Amino acid sequence: MAVTSKDTPLTSTPFVLPGDKLPPNSDSANNRTGVYVRDGGTYSSICGKVTDSKSTVKPLVPPFMCPEKGNIVLCRVLSVSQISAKVEIISVGSQVLKEPLMGIIRREEVRASEKDKVSLFQSFRPCDIVQARVLGLGEGQAYVLTTAESELGVILARKLCHGGRMIPVSWCEYQCSVTGKREKRKVAKVINNISSN
Amino acid sequence: MADRILSDFEISYIKQGVLADMRSDGRSCRDYRSFELRSGIVSNTSGSAEIKLERTNILVGVKAEIGQPNPLNPNKGRIEFFVDCSALASPKFEGRRGEDLGRNLAHRLSDLYENSNCIDLESLSIIPGQDCWIIYVDALVLEYSGGVLDCLSIAVKGALANTKIPKLTVIGEGEEQEIEISDNPFDSTSIDTNNVPVFVSLSLIGNQFIVDASHEEEACSLCQLSVGVNHKGSICSILKEGAGSFKHRQYNEAISLASEIGVSVIEKITLTNNTAPEKML
Amino acid sequence: MAGAGSGRRNRYLAPEATRNPLLCLKEKKEDNSILRSNQLRQDGRSCTDIRPVSIQSGIVSHVTSSAYIELGDTKVLCSILGPRHTQKDFNLEGQVLCQVKFAPFSCHFQKPSQQEEKFMSSIISEAIVGAIRTETFPKLETLVNIVVLENDGSMLTAAILCASIALATSGIEMKDLPTACTVSYSDKASNIYYDPTIAEEYSTANENKDVIGYKSVVYLPLLREISGVYQVGVAESHSVSSQLLEACIEGGLRYHERVRQYLKDLA
């Protein structure tokens with residue numbers, strides 16, 4: 001039986017399965033996806049190839065990323081009410097989810113200032129693509145999200161009646177490229193790399 | 001089956017007790033609680049038994065009826081189990097919530113009885129392919145508080161040992177066979193339950209398997225091994241339940257412990273049955 | 001009482017009184033022994049040989065991941081859904097649900113009842129949940145759907161291996177890849193048959209006096225722990241039971257090697 005013993009580090013075979021021991025690593029293995037620590041040893045928890053001596057596993061399939069507090073997520077607005085907007089999270093960080101997860105943006109967490117004057121109907125519309133940050137797991141099904149930062153908010157909007165592209169014209173307005181009509185939104189200031197806290 | 005939620009302190013208390021081989025009720029890890037088994041207590045049945053183990057209370061009634069054999073086994077009788085977990089036993093069985101557990105328990109019992117050849121089903125055949133005895137075993141969980149599978153198997157064994165089947169004679173040949181029942185109600189046969197196994201459940205707490213877990217101990221055990229054991233100490237069925245896993249060595253220890261405990265439990269049942277006053281049909 | 005037909009209510013049925021014509025055979029096949037005179041089994045394997053394994057992953061397109069496995073004629077399909085929102089109460093640990101279905105044509109005679117399907121589901125889910133890092137998907141659930149297309153023995157082995165491969169290619173983090181093996185055994189375990197076919201597996205309908213039971217074990221090969229045991233039939237003593245366990249683990253490691261090779265080729 002050529003089964004790799006759990007005690008010998010897999011230096012010879014670069015391919016690892018869940019449970020294979022990785023070479024000892026100077027970095028702390030905690031908080032890394034694809035790796036777990038048991039009895040002081042570092043083990044792989046996904047299939048992949050060990051790329052370098054730092055025991056980074058290049059995954060065969062990108063590991064599932066659960067939205068965690070502080071993560072930047074992209075979501076699509078499903079419905080808007082007076083107190084909250086329901087969204088579906090379609091990607092976490094740079095990874096697209098296989099199945100969308102539910103999220104909720106409450107009225108108080110749309111923007112950082114003048115929270116009491118926020119109208120959700122003037123912030124989001126169904127089908128908008130919103131960049132948001134995860135606040136927490138939430139109690140029910142949905143994750144609690146926030147857009148109370150200038151980089152967060154609607155990043156892509158379309159006019160529902162004819163599907164025309166809308167262009168952001170100020171921090172609170174989008175303009176339709178076809179008709180020139182303006183609509184209120186919580187516009188995100190799009191920058192390339194937004195830190196995931 | 002864990003339905004109680006324990007605090008961390010309670011869990012660590014139970015775990016340390018297991019480590020020290022002194023559990024909260026004073027037993028060691030290998031001790032079985034004493035149980036009370038009474039048989040022949042329901043008059044409308046062919047056989048019955050009731051078991052009380054601490055607060056768990058189960059009543060089993062056996063009825064023998066005539067029906068058709070399973071086409072796959074035309075010359076064998078049948079034995080059917082039904083377990084009722086009603087809201088009487090525990091508030092969590094309210095509505096239809098006890099049904100799943102009841103069906104699962106019944107399935108475990110029929111699995112055990114069918115596959116260990118413990119009852120001579122061929123003796124229950126009347127006319128092969130046409131008529132056979134069907135033994136309906138109905139169990140009623142009167143109070144639910146841990147160790148249900150073990151209790152159930154003990155009570156069923158007790159009830160079957162107590163069962164009286166009326167004597168039948170088959171008259172005629174070929175197509176015109178007829179069944180005739182004896183006029184004398186005392187003219188009956190009983191089922192040989194000598195080989196019938198019982199379940200011994202072992203719960204893994206910390207790193208050790210313990211016998212006959214109480215309700216609280218069940219709630220903090222990671223997984224359970226339920227082992228069917230007969231009077232010779234043979235292992236008739238094994239199933240692991242719960243999410244945990246264990247080492248090879250723990251398994252071997254657990255199985256040999258189960259075999260030992262099973263034999264002693266069966267000795268107790270046999271003693272009960274022999275001393276119980278005979279009740280006639 | 002759950003009738004035999006209760007598991008098939010989604011399907012148009014012939015009248016309940018129908019019978020399989022094979023049951024009318026008056027004479028059962030004479031030679032139902034497992035070993036031929038040359039100590040090989042009917043299909044030419046020795047006692048410890050396993051049947052050829054064929055694996056394919058990613059064959060269902062709309063799910064997180066999927067796998068298909070064949071052990072000889074036993075064919076099992078598995079797909080993983082999620083992690084996704086659960087209908088159950090909030091739980092910081094992720095949930096793993098498992099659902100086993102037998103295709104209506106999967107068995108020689110009658111397909112197992114709904115109750116048996118549920119029973120198999122619980123055995124499989126309890127055996128694999130220990131290997132999954134459920135803390136990586138709090139409050140979500142993962143659904144493991146298993147469909148048995150054809151059951152020619154060792155169905156539990158095939159289901160576990162199939163679920164294992166599907167999980168490994170799903171991106172869900174795991175502590176280990178569960179492997180499994182089924183053996184059937186004769187009296188006093190004098191003969192242990194690895195990876196039995198349905199004819200070699202013990203059942204009450206099978207008048208096979210040579211085999212008195214079978215045992216399936218799910219093993220976590222790298223943690224070296226046993227996460228599932230299911231034994232049917234009598235084992236003479238606890239030492240026989242341990243002997244069978246050893247055999248299962250040995251067989252399980254062989255399957256594991258095969259799965260590892262497949263995943264390695266995939267990379």
# chains A, B, ... in the order shown; residues from 1 in each chain; ligands from 1

$ closest_atom_pairs --of "chain C" --to "chain B" --cutoff "7 Å" --atoms "only C-alpha atoms" --output "CSV"
residue,atom,partner,partner_atom,distance
C:Met1,CA,B:Phe82,CA,6.8
C:Leu23,CA,B:Leu72,CA,6.9
C:Glu126,CA,B:Ala243,CA,4.8
C:Ala127,CA,B:Ala243,CA,6.6
C:Val129,CA,B:Ala243,CA,6.0
C:Gly130,CA,B:Ala243,CA,5.4
C:Thr204,CA,B:Asn115,CA,6.5
C:Ala205,CA,B:Leu72,CA,5.9
C:Arg224,CA,B:Lys247,CA,6.8
C:Glu225,CA,B:Lys247,CA,4.8
C:Ile226,CA,B:Phe246,CA,5.3
C:Ser227,CA,B:Ser245,CA,4.3
C:Gly228,CA,B:Lys240,CA,5.6
C:Val229,CA,B:Lys240,CA,5.2
C:Tyr230,CA,B:Leu239,CA,4.6
C:Gln231,CA,B:Ile238,CA,4.7
C:Val232,CA,B:Ser237,CA,5.0
C:Gly233,CA,B:Ser116,CA,5.0
C:Val234,CA,B:Cys236,CA,4.0
C:Ala235,CA,B:Ile235,CA,5.0
C:Glu236,CA,B:Ser234,CA,4.7
C:Ser237,CA,B:Ser234,CA,4.6
C:His238,CA,B:Ser256,CA,5.3
C:Ser242,CA,B:Asn252,CA,6.1

$ select_by_dssp --residues "stretch 29-118 of chain B" --states "strand (DSSP E or B)" --output "PyMOL selection string"
chain B and resi 35-39+47-53+56-67+78-85

$ residues_around --residues "C:Cys181" --least-positions-apart "2" --cutoff "6 Å" --atoms "only C-alpha atoms" --output "list in words"
Thr157, Ser216, Val217, Cys248, Gly251 and Gly252 of chain C

$ interface_residues --of "chain C" --to "chain A" --cutoff "6 Å" --atoms "only C-alpha atoms" --output "MDAnalysis selection string"
chainID C and resid 137 171:176 222

$ residues_around --residues "stretch 42-44 of chain B" --least-positions-apart "2" --cutoff "12 Å" --atoms "only C-alpha atoms" --output "list of chain:residue names"
B:Arg38, B:Ser39, B:Gly40, B:Ser46, B:Gly47, B:Ser48, B:Ala49, B:Glu50, B:Leu59, B:Val60, B:Gly61, B:Val62, B:Lys63, B:Ala64, B:Ala159, B:Asn162, B:Thr163, B:Lys164, B:Lys279, B:Met280, B:Leu281

$ write_last_selection --atoms "N, CA and C atoms" --output "PDB file, in the first residue's frame"
ATOM      1  N   ARG B  38     -41.144  -6.904  33.046  1.00  0.00           N
ATOM      2  CA  ARG B  38     -42.295  -7.720  33.424  1.00  0.00           C
ATOM      3  C   ARG B  38     -42.923  -8.252  32.157  1.00  0.00           C
ATOM      4  N   SER B  39     -43.280  -9.507  32.165  1.00  0.00           N
ATOM      5  CA  SER B  39     -43.871 -10.035  30.936  1.00  0.00           C
ATOM      6  C   SER B  39     -45.262 -10.566  31.194  1.00  0.00           C
ATOM      7  N   GLY B  40     -46.025 -10.707  30.121  1.00  0.00           N
ATOM      8  CA  GLY B  40     -47.395 -11.213  30.203  1.00  0.00           C
ATOM      9  C   GLY B  40     -48.327 -10.286  30.936  1.00  0.00           C
ATOM     10  N   SER B  46     -50.850 -11.897  22.281  1.00  0.00           N
ATOM     11  CA  SER B  46     -50.303 -13.245  22.362  1.00  0.00           C
ATOM     12  C   SER B  46     -49.107 -13.272  23.307  1.00  0.00           C
ATOM     13  N   GLY B  47     -48.503 -12.122  23.496  1.00  0.00           N
ATOM     14  CA  GLY B  47     -47.370 -12.027  24.408  1.00  0.00           C
ATOM     15  C   GLY B  47     -47.050 -10.567  24.627  1.00  0.00           C
ATOM     16  N   SER B  48     -46.560 -10.228  25.800  1.00  0.00           N
ATOM     17  CA  SER B  48     -46.281  -8.821  26.048  1.00  0.00           C
ATOM     18  C   SER B  48     -45.205  -8.682  27.103  1.00  0.00           C
ATOM     19  N   ALA B  49     -44.603  -7.512  27.147  1.00  0.00           N
ATOM     20  CA  ALA B  49     -43.596  -7.246  28.167  1.00  0.00           C
ATOM     21  C   ALA B  49     -43.478  -5.743  28.362  1.00  0.00           C
ATOM     22  N   GLU B  50     -43.038  -5.374  29.549  1.00  0.00           N
ATOM     23  CA  GLU B  50     -42.825  -3.963  29.831  1.00  0.00           C
ATOM     24  C   GLU B  50     -41.453  -3.818  30.466  1.00  0.00           C
ATOM     25  N   LEU B  59     -43.535  -0.415  26.498  1.00  0.00           N
ATOM     26  CA  LEU B  59     -44.472  -1.530  26.560  1.00  0.00           C
ATOM     27  C   LEU B  59     -44.525  -2.184  25.180  1.00  0.00           C
ATOM     28  N   VAL B  60     -44.375  -3.506  25.164  1.00  0.00           N
ATOM     29  CA  VAL B  60     -44.371  -4.222  23.887  1.00  0.00           C
ATOM     30  C   VAL B  60     -45.487  -5.253  23.882  1.00  0.00           C
ATOM     31  N   GLY B  61     -46.284  -5.240  22.835  1.00  0.00           N
ATOM     32  CA  GLY B  61     -47.318  -6.248  22.675  1.00  0.00           C
ATOM     33  C   GLY B  61     -47.070  -7.032  21.400  1.00  0.00           C
ATOM     34  N   VAL B  62     -47.269  -8.344  21.465  1.00  0.00           N
ATOM     35  CA  VAL B  62     -47.053  -9.193  20.294  1.00  0.00           C
ATOM     36  C   VAL B  62     -48.378  -9.821  19.910  1.00  0.00           C
ATOM     37  N   LYS B  63     -48.718  -9.758  18.633  1.00  0.00           N
ATOM     38  CA  LYS B  63     -49.927 -10.421  18.166  1.00  0.00           C
ATOM     39  C   LYS B  63     -49.554 -11.352  17.025  1.00  0.00           C
ATOM     40  N   ALA B  64     -50.032 -12.568  17.086  1.00  0.00           N
ATOM     41  CA  ALA B  64     -49.767 -13.513  16.009  1.00  0.00           C
ATOM     42  C   ALA B  64     -51.019 -13.603  15.159  1.00  0.00           C
ATOM     43  N   ALA B 159     -41.022 -10.098  25.360  1.00  0.00           N
ATOM     44  CA  ALA B 159     -42.392 -10.308  24.896  1.00  0.00           C
ATOM     45  C   ALA B 159     -42.482 -11.523  23.984  1.00  0.00           C
ATOM     46  N   ASN B 162     -42.525 -14.729  25.747  1.00  0.00           N
ATOM     47  CA  ASN B 162     -43.783 -14.895  26.445  1.00  0.00           C
ATOM     48  C   ASN B 162     -44.942 -15.232  25.491  1.00  0.00           C
ATOM     49  N   THR B 163     -44.650 -15.170  24.181  1.00  0.00           N
ATOM     50  CA  THR B 163     -45.713 -15.308  23.179  1.00  0.00           C
ATOM     51  C   THR B 163     -46.177 -16.752  23.018  1.00  0.00           C
ATOM     52  N   LYS B 164     -47.479 -16.921  22.952  1.00  0.00           N
ATOM     53  CA  LYS B 164     -48.074 -18.236  22.713  1.00  0.00           C
ATOM     54  C   LYS B 164     -48.806 -18.203  21.379  1.00  0.00           C
ATOM     55  N   LYS B 279     -48.715 -16.828  32.377  1.00  0.00           N
ATOM     56  CA  LYS B 279     -50.079 -16.348  32.162  1.00  0.00           C
ATOM     57  C   LYS B 279     -50.598 -17.025  30.907  1.00  0.00           C
ATOM     58  N   MET B 280     -51.786 -17.523  30.985  1.00  0.00           N
ATOM     59  CA  MET B 280     -52.284 -18.265  29.832  1.00  0.00           C
ATOM     60  C   MET B 280     -53.045 -17.329  28.898  1.00  0.00           C
ATOM     61  N   LEU B 281     -53.175 -17.779  27.679  1.00  0.00           N
ATOM     62  CA  LEU B 281     -53.908 -16.993  26.681  1.00  0.00           C
ATOM     63  C   LEU B 281     -55.363 -16.814  27.075  1.00  0.00           C
TER      64      LEU B 281
END

$ residues_around --residues "A:Arg185" --least-positions-apart "4" --cutoff "12 Å" --atoms "only C-alpha atoms" --output "PyMOL selection string"
chain A and resi 110-111+118-126+128-130+147+152-158+166-175

$ atom_distance --atom1 "atom CA of C:His108" --atom2 "atom CA of C:Glu201"
13.1 Å

$ residues_around --residues "B:Asp187" --least-positions-apart "4" --cutoff "10 Å" --atoms "only C-alpha atoms" --output "list in words"
Lys164, Ile165, Pro166, Lys167, Leu168, Ile181, Ser182, Asp183 and Leu281 of chain B

$ atom_distance --atom1 "atom CA of B:Ala161" --atom2 "atom CA of B:Asp84"
21.1 Å

$ residues_around --residues "C:Val96" --least-positions-apart "3" --cutoff "8 Å" --atoms "only C-alpha atoms" --output "PDB file with N, CA and C atoms, in the first residue's frame"
ATOM      1  N   SER C 125     -24.437  10.018   5.770  1.00  0.00           N
ATOM      2  CA  SER C 125     -24.153  11.381   6.215  1.00  0.00           C
ATOM      3  C   SER C 125     -23.360  11.365   7.521  1.00  0.00           C
ATOM      4  N   VAL C 129     -19.704  13.266   7.569  1.00  0.00           N
ATOM      5  CA  VAL C 129     -19.739  14.613   8.148  1.00  0.00           C
ATOM      6  C   VAL C 129     -18.493  14.871   9.000  1.00  0.00           C
ATOM      7  N   THR C 134     -16.922  21.592   8.757  1.00  0.00           N
ATOM      8  CA  THR C 134     -18.200  22.298   8.741  1.00  0.00           C
ATOM      9  C   THR C 134     -18.073  23.727   9.255  1.00  0.00           C
ATOM     10  N   GLU C 141     -25.809  25.060   4.576  1.00  0.00           N
ATOM     11  CA  GLU C 141     -25.872  23.604   4.513  1.00  0.00           C
ATOM     12  C   GLU C 141     -25.394  23.114   3.151  1.00  0.00           C
ATOM     13  N   THR C 142     -24.853  21.910   3.176  1.00  0.00           N
ATOM     14  CA  THR C 142     -24.414  21.272   1.940  1.00  0.00           C
ATOM     15  C   THR C 142     -25.245  20.019   1.754  1.00  0.00           C
ATOM     16  N   LEU C 143     -25.723  19.839   0.557  1.00  0.00           N
ATOM     17  CA  LEU C 143     -26.580  18.695   0.284  1.00  0.00           C
ATOM     18  C   LEU C 143     -25.809  17.687  -0.553  1.00  0.00           C
ATOM     19  N   VAL C 144     -25.749  16.463  -0.083  1.00  0.00           N
ATOM     20  CA  VAL C 144     -25.082  15.398  -0.835  1.00  0.00           C
ATOM     21  C   VAL C 144     -26.184  14.485  -1.375  1.00  0.00           C
TER      22      VAL C 144
END

$ atom_distance --atom1 "atom CA of A:Glu109" --atom2 "atom CA of A:Leu135"
9.5 Å

$ closest_residue --among "C:Asn145, C:Ser154, C:Thr48, C:Gln99" --to "C:Thr64" --atoms "only C-alpha atoms"
C:Asn145
